$ cat input26.csv   # CSV, C-alpha atoms
chain,number,residue,atom,x,y,z
K,1,MET,CA,100.0,127.8,110.8
K,2,ASP,CA,98.6,126.1,107.7
K,3,ASN,CA,97.1,122.7,108.2
K,4,PHE,CA,97.4,120.1,105.4
K,5,VAL,CA,96.1,116.7,104.5
K,6,LEU,CA,98.2,114.1,102.7
K,7,THR,CA,96.7,110.9,101.3
K,8,VAL,CA,98.7,108.0,99.9
K,9,GLN,CA,97.9,104.9,97.9
K,10,CYS,CA,100.4,102.4,96.6
K,11,GLN,CA,101.5,98.8,96.6
K,12,SER,CA,102.7,97.7,100.0
K,13,ARG,CA,106.4,97.7,100.7
K,14,ARG,CA,108.9,98.4,103.4
K,15,GLY,CA,109.9,101.9,104.2
K,16,ILE,CA,106.9,104.0,103.1
K,17,VAL,CA,105.9,105.3,106.5
K,18,ALA,CA,109.5,106.1,107.4
K,19,ALA,CA,110.1,107.9,104.2
K,20,ILE,CA,106.9,110.0,104.6
K,21,ALA,CA,107.6,110.8,108.2
K,22,GLY,CA,111.1,111.8,107.4
K,23,PHE,CA,110.0,114.0,104.6
K,24,LEU,CA,107.6,115.9,106.8
K,25,ALA,CA,110.1,116.3,109.5
K,26,ASP,CA,112.8,117.6,107.1
K,27,HIS,CA,110.3,120.2,105.8
K,28,GLY,CA,109.4,121.5,109.2
K,29,CYS,CA,106.1,119.8,109.5
K,30,ASN,CA,104.4,118.3,112.6
K,31,ILE,CA,102.0,115.4,112.2
K,32,THR,CA,98.7,116.0,114.1
K,33,ASP,CA,96.8,112.8,113.0
K,34,SER,CA,97.7,109.7,111.1
K,35,ALA,CA,95.9,106.5,109.9
K,36,GLN,CA,97.1,103.7,107.7
K,37,PHE,CA,96.0,100.3,106.4
K,38,ASP,CA,97.8,97.6,104.7
K,39,ASP,CA,95.4,95.3,102.8
K,40,PRO,CA,96.7,91.7,102.8
K,41,GLN,CA,94.3,90.7,100.0
K,42,THR,CA,95.2,93.4,97.5
K,43,GLU,CA,98.7,94.1,98.9
K,44,LYS,CA,97.8,97.8,98.7
K,45,PHE,CA,98.8,100.4,101.2
K,46,PHE,CA,96.6,103.4,102.2
K,47,MET,CA,97.6,106.3,104.5
K,48,ARG,CA,96.1,109.6,105.5
K,49,ILE,CA,98.1,112.2,107.5
K,50,THR,CA,97.1,115.6,108.8
K,51,PHE,CA,100.0,117.9,109.6
K,52,ARG,CA,100.9,121.5,110.0
K,53,SER,CA,103.9,123.5,108.8
K,54,GLU,CA,105.9,125.1,111.6
K,55,THR,CA,108.3,126.8,109.2
K,56,GLY,CA,105.9,128.4,106.7
K,57,ALA,CA,106.3,125.8,104.0
K,58,ASN,CA,103.6,126.4,101.3
K,59,LEU,CA,101.4,123.9,99.5
K,60,GLU,CA,103.0,124.0,96.1
K,61,THR,CA,106.5,123.6,97.5
K,62,LEU,CA,105.5,120.5,99.6
K,63,ARG,CA,103.7,119.0,96.6
K,64,SER,CA,106.7,119.5,94.3
K,65,SER,CA,109.1,118.2,96.9
K,66,PHE,CA,107.0,115.1,97.6
K,67,GLU,CA,107.2,114.0,94.0
K,68,ASP,CA,110.6,112.3,94.6
K,69,ILE,CA,109.1,110.0,97.3
K,70,ALA,CA,106.0,109.4,95.1
K,71,THR,CA,108.2,108.3,92.3
K,72,GLU,CA,110.4,106.1,94.5
K,73,PHE,CA,107.5,104.1,95.9
K,74,ASP,CA,105.1,104.5,92.9
K,75,ILE,CA,102.7,106.5,95.1
K,76,THR,CA,99.4,108.0,94.0
K,77,PHE,CA,99.0,111.0,96.4
K,78,ALA,CA,96.9,114.1,97.1
K,79,LEU,CA,98.1,117.0,99.2
K,80,ASN,CA,95.7,119.7,100.1
K,81,ASN,CA,95.1,122.5,102.5
K,82,SER,CA,92.6,121.3,105.1
K,83,ALA,CA,90.7,124.6,104.8
K,84,GLN,CA,90.0,124.0,101.1
K,85,ARG,CA,86.3,123.3,100.6
K,86,THR,CA,84.9,120.7,98.2
K,87,LYS,CA,82.6,122.0,95.6
K,88,VAL,CA,79.4,119.9,95.8
K,89,LEU,CA,76.4,119.6,93.4
K,90,LEU,CA,73.3,118.2,95.0
K,91,MET,CA,70.6,116.2,93.1
K,92,VAL,CA,67.1,115.6,94.4
K,93,SER,CA,63.7,114.5,93.3
K,94,ASN,CA,60.6,114.7,95.5
K,95,PHE,CA,61.9,113.4,98.8
K,96,GLY,CA,63.5,116.3,100.7
K,97,HIS,CA,64.6,114.9,104.0
K,98,CYS,CA,68.2,114.4,103.0
K,99,LEU,CA,68.3,117.7,101.1
K,100,ASN,CA,67.0,119.7,104.1
K,101,ASP,CA,69.4,117.9,106.5
K,102,LEU,CA,72.4,118.7,104.2
K,103,LEU,CA,71.4,122.3,103.8
K,104,TYR,CA,71.2,122.7,107.6
K,105,ARG,CA,74.6,121.1,108.2
K,106,TRP,CA,76.1,123.3,105.4
K,107,ARG,CA,74.5,126.4,106.9
K,108,ILE,CA,76.0,125.8,110.4
K,109,GLY,CA,79.4,124.7,109.1
K,110,ALA,CA,79.1,121.0,110.2
K,111,LEU,CA,79.7,120.1,106.5
K,112,PRO,CA,82.4,122.5,105.3
K,113,ILE,CA,81.5,122.4,101.6
K,114,ASP,CA,80.6,124.8,98.9
K,115,ILE,CA,77.2,123.9,97.4
K,116,VAL,CA,77.6,125.1,93.8
K,117,GLY,CA,74.0,124.1,92.7
K,118,VAL,CA,71.1,121.8,93.1
K,119,VAL,CA,69.7,119.8,90.2
K,120,SER,CA,66.2,118.3,90.2
K,121,ASN,CA,63.9,116.6,87.8
K,122,HIS,CA,61.0,118.3,89.6
K,123,LEU,CA,60.3,121.9,90.8
K,124,THR,CA,59.3,120.8,94.3
K,125,TYR,CA,62.3,122.4,96.0
K,126,GLN,CA,63.0,125.3,93.7
K,127,LYS,CA,61.8,128.0,96.1
K,128,LEU,CA,63.8,126.5,99.0
K,129,ILE,CA,67.0,126.4,97.0
K,130,VAL,CA,66.6,129.9,95.6
K,131,ASN,CA,65.9,131.2,99.2
K,132,HIS,CA,69.3,129.8,100.1
K,133,ASP,CA,71.0,131.7,97.3
K,134,ILE,CA,72.0,128.5,95.6
K,135,PRO,CA,71.6,128.0,91.8
K,136,PHE,CA,68.7,125.7,91.0
K,137,HIS,CA,68.6,123.7,87.8
K,138,HIS,CA,65.5,122.0,86.6
K,139,ILE,CA,66.2,119.1,84.3
K,140,ARG,CA,63.2,117.2,83.3
K,141,VAL,CA,64.0,113.5,82.5
K,142,THR,CA,62.1,111.2,80.3
K,143,LYS,CA,63.0,108.0,78.3
K,144,GLU,CA,63.1,110.1,75.2
K,145,ASN,CA,65.3,113.0,76.4
K,146,LYS,CA,67.6,111.1,78.9
K,147,PRO,CA,70.8,111.6,76.8
K,148,GLN,CA,70.1,115.3,76.4
K,149,ALA,CA,69.3,115.6,80.1
K,150,GLU,CA,72.5,114.0,81.1
K,151,GLN,CA,74.4,116.2,78.6
K,152,ARG,CA,72.9,119.2,80.4
K,153,LEU,CA,73.9,117.7,83.8
K,154,MET,CA,77.5,117.3,82.7
K,155,GLU,CA,77.5,120.9,81.4
K,156,ILE,CA,76.4,122.1,84.9
K,157,VAL,CA,79.1,119.9,86.5
K,158,GLU,CA,81.8,121.5,84.2
K,159,ASP,CA,80.5,125.1,84.5
K,160,SER,CA,80.2,124.9,88.3
K,161,GLU,CA,83.5,123.0,88.7
K,162,ALA,CA,81.7,120.5,90.9
K,163,GLU,CA,84.1,118.0,92.5
K,164,LEU,CA,81.4,115.8,94.0
K,165,ILE,CA,77.9,115.0,93.1
K,166,VAL,CA,75.5,113.9,95.9
K,167,LEU,CA,72.3,112.0,95.0
K,168,ALA,CA,70.2,113.2,97.9
K,169,ARG,CA,67.3,110.9,97.0
K,170,TYR,CA,67.5,111.6,93.3
K,171,MET,CA,65.2,109.0,91.8
K,172,GLN,CA,66.8,108.7,88.4
K,173,ILE,CA,69.4,106.1,87.3
K,174,LEU,CA,72.6,107.6,85.9
K,175,SER,CA,73.9,106.2,82.6
K,176,ASP,CA,77.0,104.0,82.5
K,177,GLN,CA,78.8,106.8,80.7
K,178,VAL,CA,78.2,109.3,83.5
K,179,CYS,CA,79.1,106.7,86.2
K,180,LYS,CA,82.4,105.9,84.5
K,181,LYS,CA,83.3,109.5,83.8
K,182,MET,CA,82.5,110.5,87.4
K,183,GLU,CA,83.9,107.4,89.1
K,184,GLY,CA,84.6,108.1,92.8
K,185,ARG,CA,82.9,111.4,92.6
K,186,VAL,CA,79.2,110.5,93.0
K,187,ILE,CA,77.7,109.4,96.3
K,188,ASN,CA,74.2,107.9,96.5
K,189,ILE,CA,72.0,107.2,99.6
K,190,HIS,CA,70.1,104.0,99.3
K,191,HIS,CA,67.1,103.5,101.5
K,192,SER,CA,68.0,100.0,102.5
K,193,PHE,CA,70.8,98.2,104.4
K,194,LEU,CA,72.6,96.8,101.3
K,195,PRO,CA,73.0,94.3,99.9
K,196,SER,CA,69.6,93.3,101.2
K,197,PHE,CA,66.3,94.6,99.8
K,198,LYS,CA,67.5,96.2,96.6
K,199,GLY,CA,65.3,98.1,94.1
K,200,ALA,CA,61.9,99.5,94.6
K,201,ASN,CA,60.0,99.6,97.9
K,202,PRO,CA,62.7,98.2,100.2
K,203,TYR,CA,60.8,99.1,103.3
K,204,LYS,CA,57.8,97.2,102.1
K,205,GLN,CA,60.1,94.2,101.4
K,206,ALA,CA,61.5,94.5,104.9
K,207,PHE,CA,58.0,94.7,106.4
K,208,VAL,CA,56.9,91.6,104.6
K,209,ARG,CA,60.0,89.7,105.8
K,210,GLY,CA,59.4,90.9,109.4
K,211,VAL,CA,62.9,92.2,109.9
K,212,LYS,CA,63.9,93.7,113.3
K,213,LEU,CA,66.4,96.1,111.8
K,214,ILE,CA,66.2,98.5,109.0
K,215,GLY,CA,69.0,100.7,107.7
K,216,ALA,CA,70.5,102.9,105.0
K,217,THR,CA,73.6,102.7,102.9
K,218,ALA,CA,75.7,105.5,101.3
K,219,HIS,CA,77.9,104.3,98.4
K,220,TYR,CA,79.8,105.5,95.5
K,221,VAL,CA,77.8,105.2,92.3
K,222,THR,CA,78.9,102.7,89.6
K,223,ALA,CA,77.3,101.3,86.5
K,224,ASP,CA,76.1,98.4,88.6
K,225,LEU,CA,72.9,99.6,90.2
K,226,ASP,CA,73.2,99.8,94.0
K,227,GLU,CA,76.4,97.8,93.9
K,228,GLY,CA,78.9,100.6,94.3
K,229,PRO,CA,81.6,100.6,97.0
K,230,ILE,CA,79.9,101.2,100.4
K,231,ILE,CA,81.1,104.2,102.4
K,232,GLU,CA,78.7,104.3,105.4
K,233,GLN,CA,75.8,102.4,106.8
K,234,ASP,CA,73.6,102.5,109.9
K,235,ILE,CA,70.5,100.8,111.3
K,236,VAL,CA,67.5,101.4,113.6
K,237,ARG,CA,65.6,98.7,115.5
K,238,ILE,CA,62.0,98.2,114.9
K,239,THR,CA,59.3,95.9,116.3
K,240,HIS,CA,56.5,93.7,115.0
K,241,ALA,CA,54.0,96.4,116.0
K,242,GLN,CA,55.3,99.0,113.6
K,243,SER,CA,53.7,99.7,110.2
K,244,PRO,CA,55.3,100.1,106.8
K,245,GLU,CA,54.7,103.9,107.2
K,246,ASP,CA,56.7,103.7,110.5
K,247,TYR,CA,59.5,102.0,108.6
K,248,VAL,CA,59.6,104.8,106.1
K,249,SER,CA,59.6,107.6,108.8
K,250,LEU,CA,62.3,105.9,110.8
K,251,GLY,CA,64.3,105.2,107.7
K,252,ARG,CA,64.4,108.8,106.7
K,253,ASP,CA,66.3,109.8,109.8
K,254,ILE,CA,68.8,107.1,109.2
K,255,GLU,CA,69.2,108.0,105.5
K,256,ALA,CA,70.0,111.6,106.4
K,257,GLN,CA,72.6,110.7,109.0
K,258,VAL,CA,74.3,108.1,106.8
K,259,LEU,CA,74.5,110.4,103.8
K,260,ALA,CA,76.0,113.2,105.8
K,261,ARG,CA,78.6,110.9,107.4
K,262,ALA,CA,79.6,109.6,103.9
K,263,ILE,CA,80.0,113.1,102.6
K,264,HIS,CA,82.0,114.1,105.7
K,265,ALA,CA,84.4,111.1,105.0
K,266,HIS,CA,84.8,112.1,101.3
K,267,ILE,CA,85.4,115.8,101.7
K,268,HIS,CA,87.9,115.2,104.5
K,269,GLN,CA,89.7,112.7,102.2
K,270,ARG,CA,89.1,109.8,104.6
K,271,ALA,CA,87.5,107.5,102.0
K,272,PHE,CA,89.6,105.5,99.6
K,273,LEU,CA,88.4,103.2,96.8
K,274,ASN,CA,89.8,99.7,97.1
K,275,GLY,CA,88.4,97.6,94.3
K,276,ASN,CA,84.7,97.1,95.0
K,277,LYS,CA,85.2,98.2,98.6
K,278,THR,CA,86.3,101.3,100.4
K,279,ILE,CA,88.8,102.1,103.1
K,280,VAL,CA,87.4,104.7,105.5
K,281,PHE,CA,89.7,106.1,108.1
K,282,PRO,CA,88.4,107.7,111.4
K,283,ALA,CA,87.8,111.4,111.5
K,284,SER,CA,90.5,113.7,112.7
K,285,PRO,CA,90.0,115.5,116.0
K,286,GLY,CA,87.8,118.6,115.6
K,287,SER,CA,86.6,117.8,112.1
K,288,TYR,CA,83.0,117.4,113.3
K,289,ALA,CA,82.9,120.8,115.0
K,290,SER,CA,80.4,123.3,113.7
K,291,GLU,CA,81.2,126.9,112.9
K,292,LYS,CA,77.8,128.1,114.3
K,293,MET,CA,75.4,126.8,116.9
K,294,GLY,CA,72.5,126.5,114.4
$ encode --input "input26.csv" --output "C-alpha cells"
Amino acid sequence: MDNFVLTVQCQSRRGIVAAIAGFLADHGCNITDSAQFDDPQTEKFFMRITFRSETGANLETLRSSFEDIATEFDITFALNNSAQRTKVLLMVSNFGHCLNDLLYRWRIGALPIDIVGVVSNHLTYQKLIVNHDIPFHHIRVTKENKPQAEQRLMEIVEDSEAELIVLARYMQILSDQVCKKMEGRVINIHHSFLPSFKGANPYKQAFVRGVKLIGATAHYVTADLDEGPIIEQDIVRITHAQSPEDYVSLGRDIEAQVLARAIHAHIHQRAFLNGNKTIVFPASPGSYASEKMG
C-alpha cells in the first residue's frame, strides 16, 4: 500500500477535521497518524495526517479530489507520497562536524534525503564530498564578488532542483534577496541557544557570563540575522570547571543533533511556519528508523 502525508493550513473554523476525515474514508484511505493545532493568537489551524490507501487510490487523483475541500475551507495544503525524498543542498565552510554527521545519517538512511550537492567557500571538504559521489561546488565569497557568488549559488539550486538548503556551519551571511526568495527553504544551525548570545564567539560570551547551560538552535533563515523561526533547540549542562574549549567541543555535539532533528522535521513535513514562530508536530511512528545499521 502507498503511504501519504497530507498537511493543511487555514483559518480556524468548525468542520475542517470532519471534512478531511470523511474525504479520506470516502476514498478508501486509513489514517495512521494525525496531529493538529489550533492557534488562538493567530486563529490559524494546522494539521498533518499520514494515511495509506487501501483501494489503490493514486496521488494525483487524491490531490485533484481534495481541491473541493481546499476551496470550501480556503486551505493551503500539500499531499505527497511519504517515500518521496527531499532534494537537499548542503553548505559548509571550515567546521565539518555537522557535515560529517549529516553524511553519516544520510548514508545509513536515518535522514531519507537526496543530497544533490555541497557548496563551500573553501576547499577543505572537497575530497570528502567527492569520495561520497556528491557534486562539490567551490564558490569563493568576498565583499567584491558576493552578488556574483550568490547568483552562482542560485544557479546551482535551480540546476539541482534543490528543495531545501542546509547551512551546516556555513559562515557567510545570505543576502536579503536570497532569504526572501528561499523563504521556508533554508535551515541554519546557530551555535548558541537563541535568543541569547548572538553573533560572533557565543561560547566565549557564555563562558564570560558563567552560564550553566549551553545549547544550539536550528531555525529557518530570514533577512533578520539569527532571528528566523526556530525549529529545534537543545542544551548540555556544563560546570564552572570547564574551559571555553570544552564549551566548543560540547557544543559541536549539540549542534549536530539539533540540525539533524530540524532537517528531519522539515523533510517529513512536520514543521509549519506560523508568523515568526513554527509549529512542529511529533514524528510519526517508524520515521526515525534507519535503513542500515551503519
$ closest_residue --input "input26.csv" --among "K:Ala283, K:Gln172, K:Gln11, K:Ile189" --to "Gln41 in chain K" --atoms "all atoms listed in the file"
K:Gln11
$ residues_around --input "input26.csv" --residues "range 112-125 of chain K" --least-positions-apart "2" --cutoff "9 Å" --atoms "only C-alpha atoms" --output "PyMOL selection string"
chain K and resi 83-94+96+103+105-110+127-130+134-141+153+156+160-162+170-172+264+267+290-291
$ closest_residue --input "input26.csv" --among "K:Asp246, K:Asp26, K:Asp33, K:Glu54" --to "Val5 in chain K" --atoms "only C-alpha atoms"
K:Asp33
$ closest_residue --input "input26.csv" --among "K:Thr50, K:Gln9, K:Gln205, K:Ser243" --to "Asp38 in chain K" --atoms "all atoms listed in the file"
K:Gln9
$ atom_distance --input "input26.csv" --atom1 "CA of Ser82 in chain K" --atom2 "CA of Phe51 in chain K"
9.3 Å
$ atom_distance --input "input26.csv" --atom1 "CA of Ile165 in chain K" --atom2 "CA of Ser192 in chain K"
20.3 Å
$ atom_distance --input "input26.csv" --atom1 "CA of Leu6 in chain K" --atom2 "CA of Phe77 in chain K"
7.1 Å
$ closest_residue --input "input26.csv" --among "K:Arg185, K:Arg209, K:Arg52, K:His97" --to "Ala168 in chain K" --atoms "only C-alpha atoms"
K:His97
$ residues_around --input "input26.csv" --residues "Lys212 in chain K" --least-positions-apart "3" --cutoff "10 Å" --atoms "only C-alpha atoms" --output "number ranges by chain"
K: 206-207, 209, 235-240
$ write_last_selection --input "input26.csv" --atoms "C-alpha atoms" --output "mmCIF file, in the frame of the given file"
data_model
loop_
_atom_site.group_PDB
_atom_site.id
_atom_site.type_symbol
_atom_site.label_atom_id
_atom_site.label_comp_id
_atom_site.auth_asym_id
_atom_site.auth_seq_id
_atom_site.Cartn_x
_atom_site.Cartn_y
_atom_site.Cartn_z
ATOM 1 C CA ALA K 206 61.500 94.500 104.900
ATOM 2 C CA PHE K 207 58.000 94.700 106.400
ATOM 3 C CA ARG K 209 60.000 89.700 105.800
ATOM 4 C CA ILE K 235 70.500 100.800 111.300
ATOM 5 C CA VAL K 236 67.500 101.400 113.600
ATOM 6 C CA ARG K 237 65.600 98.700 115.500
ATOM 7 C CA ILE K 238 62.000 98.200 114.900
ATOM 8 C CA THR K 239 59.300 95.900 116.300
ATOM 9 C CA HIS K 240 56.500 93.700 115.000
#
$ closest_residue --input "input26.csv" --among "K:Arg169, K:His219, K:Arg152, K:Lys277" --to "Asp101 in chain K" --atoms "all atoms listed in the file"
K:Arg169
$ closest_residue --input "input26.csv" --among "K:Cys10, K:Ile263, K:Leu250, K:Ile20" --to "Phe46 in chain K" --atoms "all atoms listed in the file"
K:Cys10
$ residues_near_point --input "input26.csv" --point "(97.7, 106.1, 101.5)" --cutoff "10 Å" --atoms "all atoms listed in the file" --output "list of chain:residue names"
K:Leu6, K:Thr7, K:Val8, K:Gln9, K:Cys10, K:Gln11, K:Ser12, K:Ile16, K:Val17, K:Ala35, K:Gln36, K:Phe37, K:Asp38, K:Lys44, K:Phe45, K:Phe46, K:Met47, K:Arg48, K:Ile49, K:Ile75, K:Thr76, K:Phe77, K:Ala78, K:Arg270, K:Phe272, K:Ile279
$ build_atoms --input "input26.csv" --residues "range 147-158 of chain K" --atoms "all heavy atoms" --output "PDB file, in the coordinates of the input"
ATOM      1  N   PRO K 147      69.434 111.204  77.181  1.00  0.00           N
ATOM      2  CA  PRO K 147      70.800 111.600  76.800  1.00  0.00           C
ATOM      3  C   PRO K 147      70.987 113.117  76.817  1.00  0.00           C
ATOM      4  O   PRO K 147      72.042 113.599  77.256  1.00  0.00           O
ATOM      5  CB  PRO K 147      70.879 111.081  75.329  1.00  0.00           C
ATOM      6  CG  PRO K 147      69.899 109.956  75.275  1.00  0.00           C
ATOM      7  CD  PRO K 147      68.770 110.387  76.153  1.00  0.00           C
ATOM      8  N   GLN K 148      69.988 113.870  76.368  1.00  0.00           N
ATOM      9  CA  GLN K 148      70.100 115.300  76.400  1.00  0.00           C
ATOM     10  C   GLN K 148      70.101 115.854  77.831  1.00  0.00           C
ATOM     11  O   GLN K 148      70.839 116.801  78.158  1.00  0.00           O
ATOM     12  CB  GLN K 148      68.926 115.965  75.630  1.00  0.00           C
ATOM     13  CG  GLN K 148      68.939 115.735  74.131  1.00  0.00           C
ATOM     14  CD  GLN K 148      68.454 114.346  73.735  1.00  0.00           C
ATOM     15  OE1 GLN K 148      67.837 113.632  74.538  1.00  0.00           O
ATOM     16  NE2 GLN K 148      68.725 113.956  72.493  1.00  0.00           N
ATOM     17  N   ALA K 149      69.300 115.218  78.690  1.00  0.00           N
ATOM     18  CA  ALA K 149      69.300 115.600  80.100  1.00  0.00           C
ATOM     19  C   ALA K 149      70.614 115.399  80.767  1.00  0.00           C
ATOM     20  O   ALA K 149      71.086 116.253  81.526  1.00  0.00           O
ATOM     21  CB  ALA K 149      68.167 114.849  80.833  1.00  0.00           C
ATOM     22  N   GLU K 150      71.243 114.276  80.472  1.00  0.00           N
ATOM     23  CA  GLU K 150      72.500 114.000  81.100  1.00  0.00           C
ATOM     24  C   GLU K 150      73.632 114.897  80.490  1.00  0.00           C
ATOM     25  O   GLU K 150      74.567 115.269  81.194  1.00  0.00           O
ATOM     26  CB  GLU K 150      72.898 112.530  80.898  1.00  0.00           C
ATOM     27  CG  GLU K 150      72.075 111.615  81.797  1.00  0.00           C
ATOM     28  CD  GLU K 150      72.739 110.285  82.043  1.00  0.00           C
ATOM     29  OE1 GLU K 150      73.551 109.852  81.200  1.00  0.00           O
ATOM     30  OE2 GLU K 150      72.454 109.660  83.085  1.00  0.00           O
ATOM     31  N   GLN K 151      73.486 115.246  79.230  1.00  0.00           N
ATOM     32  CA  GLN K 151      74.400 116.200  78.600  1.00  0.00           C
ATOM     33  C   GLN K 151      74.345 117.537  79.352  1.00  0.00           C
ATOM     34  O   GLN K 151      75.365 118.170  79.658  1.00  0.00           O
ATOM     35  CB  GLN K 151      74.168 116.372  77.152  1.00  0.00           C
ATOM     36  CG  GLN K 151      75.141 117.333  76.475  1.00  0.00           C
ATOM     37  CD  GLN K 151      74.863 117.492  74.985  1.00  0.00           C
ATOM     38  OE1 GLN K 151      74.055 116.775  74.414  1.00  0.00           O
ATOM     39  NE2 GLN K 151      75.531 118.452  74.365  1.00  0.00           N
ATOM     40  N   ARG K 152      73.116 117.965  79.649  1.00  0.00           N
ATOM     41  CA  ARG K 152      72.900 119.200  80.400  1.00  0.00           C
ATOM     42  C   ARG K 152      73.503 119.094  81.790  1.00  0.00           C
ATOM     43  O   ARG K 152      74.141 120.034  82.287  1.00  0.00           O
ATOM     44  CB  ARG K 152      71.424 119.541  80.451  1.00  0.00           C
ATOM     45  CG  ARG K 152      71.073 120.757  81.305  1.00  0.00           C
ATOM     46  CD  ARG K 152      71.747 122.010  80.779  1.00  0.00           C
ATOM     47  NE  ARG K 152      71.533 123.147  81.663  1.00  0.00           N
ATOM     48  CZ  ARG K 152      72.443 124.065  81.942  1.00  0.00           C
ATOM     49  NH1 ARG K 152      73.657 124.003  81.394  1.00  0.00           N
ATOM     50  NH2 ARG K 152      72.154 125.064  82.744  1.00  0.00           N
ATOM     51  N   LEU K 153      73.319 117.946  82.430  1.00  0.00           N
ATOM     52  CA  LEU K 153      73.900 117.700  83.800  1.00  0.00           C
ATOM     53  C   LEU K 153      75.395 117.875  83.731  1.00  0.00           C
ATOM     54  O   LEU K 153      75.982 118.554  84.590  1.00  0.00           O
ATOM     55  CB  LEU K 153      73.504 116.345  84.277  1.00  0.00           C
ATOM     56  CG  LEU K 153      74.230 115.871  85.540  1.00  0.00           C
ATOM     57  CD1 LEU K 153      73.914 116.782  86.715  1.00  0.00           C
ATOM     58  CD2 LEU K 153      73.856 114.426  85.867  1.00  0.00           C
ATOM     59  N   MET K 154      76.050 117.267  82.768  1.00  0.00           N
ATOM     60  CA  MET K 154      77.500 117.300  82.700  1.00  0.00           C
ATOM     61  C   MET K 154      77.978 118.748  82.385  1.00  0.00           C
ATOM     62  O   MET K 154      79.064 119.155  82.814  1.00  0.00           O
ATOM     63  CB  MET K 154      78.023 116.335  81.669  1.00  0.00           C
ATOM     64  CG  MET K 154      77.730 114.871  82.009  1.00  0.00           C
ATOM     65  SD  MET K 154      78.115 114.438  83.738  1.00  0.00           S
ATOM     66  CE  MET K 154      79.885 114.718  83.777  1.00  0.00           C
ATOM     67  N   GLU K 155      77.185 119.504  81.659  1.00  0.00           N
ATOM     68  CA  GLU K 155      77.500 120.900  81.400  1.00  0.00           C
ATOM     69  C   GLU K 155      77.499 121.698  82.726  1.00  0.00           C
ATOM     70  O   GLU K 155      78.373 122.541  82.986  1.00  0.00           O
ATOM     71  CB  GLU K 155      76.536 121.526  80.422  1.00  0.00           C
ATOM     72  CG  GLU K 155      76.695 121.030  78.995  1.00  0.00           C
ATOM     73  CD  GLU K 155      75.582 121.515  78.084  1.00  0.00           C
ATOM     74  OE1 GLU K 155      74.642 122.185  78.594  1.00  0.00           O
ATOM     75  OE2 GLU K 155      75.632 121.231  76.860  1.00  0.00           O
ATOM     76  N   ILE K 156      76.503 121.407  83.570  1.00  0.00           N
ATOM     77  CA  ILE K 156      76.400 122.100  84.900  1.00  0.00           C
ATOM     78  C   ILE K 156      77.601 121.686  85.753  1.00  0.00           C
ATOM     79  O   ILE K 156      78.188 122.529  86.435  1.00  0.00           O
ATOM     80  CB  ILE K 156      75.083 121.715  85.560  1.00  0.00           C
ATOM     81  CG1 ILE K 156      73.912 122.311  84.769  1.00  0.00           C
ATOM     82  CG2 ILE K 156      75.060 122.213  87.009  1.00  0.00           C
ATOM     83  CD1 ILE K 156      72.554 121.831  85.226  1.00  0.00           C
ATOM     84  N   VAL K 157      77.963 120.404  85.728  1.00  0.00           N
ATOM     85  CA  VAL K 157      79.100 119.900  86.500  1.00  0.00           C
ATOM     86  C   VAL K 157      80.378 120.692  86.070  1.00  0.00           C
ATOM     87  O   VAL K 157      81.156 121.170  86.900  1.00  0.00           O
ATOM     88  CB  VAL K 157      79.314 118.418  86.330  1.00  0.00           C
ATOM     89  CG1 VAL K 157      80.644 117.971  86.938  1.00  0.00           C
ATOM     90  CG2 VAL K 157      78.162 117.662  86.969  1.00  0.00           C
ATOM     91  N   GLU K 158      80.562 120.809  84.761  1.00  0.00           N
ATOM     92  CA  GLU K 158      81.800 121.500  84.200  1.00  0.00           C
ATOM     93  C   GLU K 158      81.734 122.976  84.554  1.00  0.00           C
ATOM     94  O   GLU K 158      82.739 123.544  85.013  1.00  0.00           O
ATOM     95  CB  GLU K 158      81.862 121.266  82.735  1.00  0.00           C
ATOM     96  CG  GLU K 158      83.121 121.853  82.125  1.00  0.00           C
ATOM     97  CD  GLU K 158      83.285 121.508  80.653  1.00  0.00           C
ATOM     98  OE1 GLU K 158      82.528 120.642  80.167  1.00  0.00           O
ATOM     99  OE2 GLU K 158      84.162 122.105  80.008  1.00  0.00           O
TER     100      GLU K 158
END
